[in-house]
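Okay, so here's the structure we're looking at.
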Amino acid sequence: MAGLAGVSVRTLHHYDEIGLVRPSARTPAGYRAYAPSDVERLREVLGYRRLGFALREIAALVDDPATDAVAHLRRLRGLLEEQRDRTAAMVAAIDRELEARAMGIRTTPEEQLEVFGAQLYDSIGSAYPATRRTEPRIAARIWQALGDARTVLNVGAGTGSYEPPDRDVTAVEPSAVMRAQRPAGAAPCVAASAESLPFADASFDAAMAVSTVHHWPDPVAGLREMRRVARRVVVFTYDASSPGWLQRFWLTRDYLPEFAGLLAGWPSLTDLTRAIDGRAEPVLIPWDCADGFFEAHWRRPEAYLDDRVRRAVSVWTRVGPDAEQRAVDALRDDLASGRWAERNRDLLAHDAAELGLRLLVA
């Protein structure tokens with residue numbers, strides 16, 4: 001077992017002694033014998049351990065009766081993706097500094113320390129004010145779905161876009177960079193994650209989440225937490241499970257197929273709606289959408305050539321600099337040659353597009 005797991009025998013003995021992984025049986029010679037369920041638990045322990053969790057934290061996670069093996073795998077996968085995203089952001093920051101130094105440009109102290117950004121939003125958050133703001137037509141849908149709720153919890157609140165001005169809002173945001181950019185007078189903001197909301201059951205009339213679920217390590221767990229703390233749940237998210245979903249947007253279809261890999265293992269729309277016992281409604285994107293999220297510029301392709309637009313969208317950081325540069329170069333060439341216009345001329349006749357955005361309501 002030690003050989004298979006890549007740990008020492010002493011480590012397994014220690015896990016047994018503290019009750020973290022106790023083998024189900026002993027052989028007549030006194031050796032520990034591990035049943036399949038023991039192996040499964042050891043895998044979970046080692047997964048969390050290699051992500052930096054303390055043994056006491058791991059014990060609480062693996063002993064949680066509400067979390068089965070599949071939920072642990074999804075959580076571990078999400079945490080590993082977050083770690084990968086941080087690594088990609090660090091690589092991108094290093095590449096930018098190497099390029100600057102090659103040109104004889106000295107980077108600022110802030111730019112030099114960007115390489116140690118704590119999480120994805122800490123890398124992209126500084127670009128948010130320029131291109132990410134409330135789109136009033138989408139906000140109207142969200143606020144209508146909140147119904148008569150007076151107290152609202154905004155989970156993954158970011159800089160505060162889409163928070164209703166006429167309600168008593170409490171925000172939750174794990175990124176210090178995003179919290180720091182919340183405007184003066186914004187709702188009070190708690191540093192916490194969606195999967196572990198520090199509130200009692202039914203503390204709020206409603207809980208909302210806007211363009212954030214895809215960043216959560218465990219989306220289903222986060223949605224269940226929202227359902228636990230509020231009687232109504234409203235979530236603005238993305239459907240990556242319907243047939244042909246990658247083909248519906250020309251940017252992912254023709255220039256950035258790597259987008260599909262970012263959502264590998266992402267829960268289906270059915271799983272997401274089931275987590276809150278709700279329903280899903282399509283949200284069309286207006287051609288002049290004010291919020292510069294990934295799909296917002298579907299009728300304004302030149303916008304994707306603007307580095308400021310891309311820096312405020314996590315997709316570009318997550319696919320990596322090589323894929324980003326290839327996609328931008330190909331799009332620039334197609335716009336100059338007229339190929340983009342020829343392939344997408346029908347878009348100009350539409351004022352809004354259905355590109356997979358969904359409003360989940362429970």
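Order determines the names: the first chain of the structure tokens is A, the second B, and so forth; residues in each chain are numbered 1 upward, and ligands are numbered 1 upward as they are shown.
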Problem set entry | Those in stretch 114-350 of chain A with strand (DSSP E) from DSSP, as a PyMOL selection string | chain A and resi 151-155+168-172+189-190+204-210+230-238+279-282+285-286
File dump, residues just selected, C-alpha atoms, as a PDB file, in the first residue's frame:
```
ATOM      1  CA  THR A 151     -32.389  40.465   2.674  1.00  0.00           C
ATOM      2  CA  VAL A 152     -30.085  39.147  -0.069  1.00  0.00           C
ATOM      3  CA  LEU A 153     -26.792  37.259   0.111  1.00  0.00           C
ATOM      4  CA  ASN A 154     -24.548  37.825  -2.925  1.00  0.00           C
ATOM      5  CA  VAL A 155     -22.162  34.856  -3.214  1.00  0.00           C
ATOM      6  CA  ASP A 168     -30.370  44.732   2.350  1.00  0.00           C
ATOM      7  CA  VAL A 169     -27.384  42.973   0.743  1.00  0.00           C
ATOM      8  CA  THR A 170     -24.573  40.995   2.352  1.00  0.00           C
ATOM      9  CA  ALA A 171     -21.716  40.010   0.051  1.00  0.00           C
ATOM     10  CA  VAL A 172     -19.371  37.014   0.119  1.00  0.00           C
ATOM     11  CA  CYS A 189     -18.443  41.898   2.323  1.00  0.00           C
ATOM     12  CA  VAL A 190     -17.371  38.705   4.088  1.00  0.00           C
ATOM     13  CA  PHE A 204     -31.631  35.376   4.154  1.00  0.00           C
ATOM     14  CA  ASP A 205     -34.731  35.850   2.066  1.00  0.00           C
ATOM     15  CA  ALA A 206     -32.687  35.177  -1.089  1.00  0.00           C
ATOM     16  CA  ALA A 207     -29.182  34.242  -2.220  1.00  0.00           C
ATOM     17  CA  MET A 208     -27.788  35.258  -5.598  1.00  0.00           C
ATOM     18  CA  ALA A 209     -24.655  34.422  -7.595  1.00  0.00           C
ATOM     19  CA  VAL A 210     -23.665  36.114 -10.868  1.00  0.00           C
ATOM     20  CA  ALA A 230     -31.871  31.283   1.834  1.00  0.00           C
ATOM     21  CA  ARG A 231     -35.450  30.509   0.930  1.00  0.00           C
ATOM     22  CA  ARG A 232     -34.966  31.745  -2.661  1.00  0.00           C
ATOM     23  CA  VAL A 233     -31.935  31.216  -4.922  1.00  0.00           C
ATOM     24  CA  VAL A 234     -31.065  33.081  -8.158  1.00  0.00           C
ATOM     25  CA  VAL A 235     -27.953  32.115 -10.140  1.00  0.00           C
ATOM     26  CA  PHE A 236     -26.647  33.553 -13.411  1.00  0.00           C
ATOM     27  CA  THR A 237     -24.455  30.897 -15.017  1.00  0.00           C
ATOM     28  CA  TYR A 238     -23.606  28.941 -18.169  1.00  0.00           C
ATOM     29  CA  ARG A 279     -35.541  25.700 -12.947  1.00  0.00           C
ATOM     30  CA  ALA A 280     -33.386  27.185 -15.708  1.00  0.00           C
ATOM     31  CA  GLU A 281     -34.353  30.105 -17.940  1.00  0.00           C
ATOM     32  CA  PRO A 282     -32.366  31.242 -21.025  1.00  0.00           C
ATOM     33  CA  ILE A 285     -27.144  38.648 -24.616  1.00  0.00           C
ATOM     34  CA  PRO A 286     -27.860  42.088 -26.141  1.00  0.00           C
TER      35      PRO A 286
END
```
For this session: Within 12 Å of A:Pro267, counting only C-alpha atoms, which residues show up once you throw out same-chain ones fewer than 4 positions away? Write them as a VMD selection string, please.
Result: chain A and resid 70 to 71 74 to 75 77 to 78 213 to 214 216 to 221 223 237 to 242 263 271 to 275
Go ahead and save the picked residues with C-alpha atoms, as a compact mmCIF listing (two decimals), in the first residue's frame.
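Output saved as again.txt:
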```
# COMPACT_ATOMS: atom_id res chain seq x y z
CA VAL A 70 -18.11 11.31 -6.08
CA ALA A 71 -18.46 14.62 -4.24
CA ARG A 74 -15.43 16.66 -7.80
CA ARG A 75 -14.12 18.82 -4.98
CA ARG A 77 -10.86 18.18 -9.22
CA GLY A 78 -12.10 21.71 -8.65
CA VAL A 213 -20.23 29.43 -10.20
CA HIS A 214 -17.71 28.24 -12.82
CA TRP A 216 -16.07 27.41 -7.49
CA PRO A 217 -14.11 24.22 -6.65
CA ASP A 218 -17.38 22.38 -5.99
CA PRO A 219 -20.33 24.10 -7.76
CA VAL A 220 -22.98 21.66 -6.54
CA ALA A 221 -21.85 22.00 -2.91
CA LEU A 223 -25.36 25.83 -4.67
CA THR A 237 -24.46 30.90 -15.02
CA TYR A 238 -23.61 28.94 -18.17
CA ASP A 239 -24.92 25.75 -19.76
CA ALA A 240 -22.11 23.53 -21.08
CA SER A 241 -24.18 20.35 -21.37
CA SER A 242 -26.60 20.88 -24.25
CA LEU A 263 -15.40 22.91 -18.55
CA ASP A 271 -27.18 18.81 -11.89
CA LEU A 272 -26.99 22.54 -11.20
CA THR A 273 -30.75 23.07 -11.15
CA ARG A 274 -31.26 19.93 -9.07
CA ALA A 275 -28.81 21.26 -6.47
```
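In terms of minimum interatomic distance to A:Asp201, A:Val229 ranks closest within A:Ala5, A:Val229, A:Ala260, A:Ala176, counting only C-alpha atoms.
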For this session: Would you mind listing what lies within 8 Å of A:His297 as a list of chain:residue names, with only C-alpha atoms counted and same-chain residues fewer than 5 positions away left out?
Result: A:Trp287, A:Asp288, A:Cys289, A:Gly292, A:Ala303, A:Tyr304
Exercise. So which one's closest to A:Leu73, A:Gly30, A:Gly265, A:Gly338, A:Pro36? Using only C-alpha atoms, please.
Worked result: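 With only C-alpha atoms as the atom set, the closest residue is A:Gly265.
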Exercise. Tell me, which residues of stretch 171-227 of chain A carry DSSP helix (DSSP H, G or I), written as number ranges by chain?
Worked result: A: 176-180, 194-196, 213-215, 219-227
For this session: Pick out the residues sitting within 10 Å of A:Trp340, and hand them over as a list in words; count only C-alpha atoms, and ignore anything fewer than 3 positions along from it in its own chain.
Result: Trp250, Asp254, Pro301, Ala330, Leu331, Arg332, Asp333, Asp334, Leu335, Ala336, Ser337, Arg343, Asn344 and Arg345 of chain A
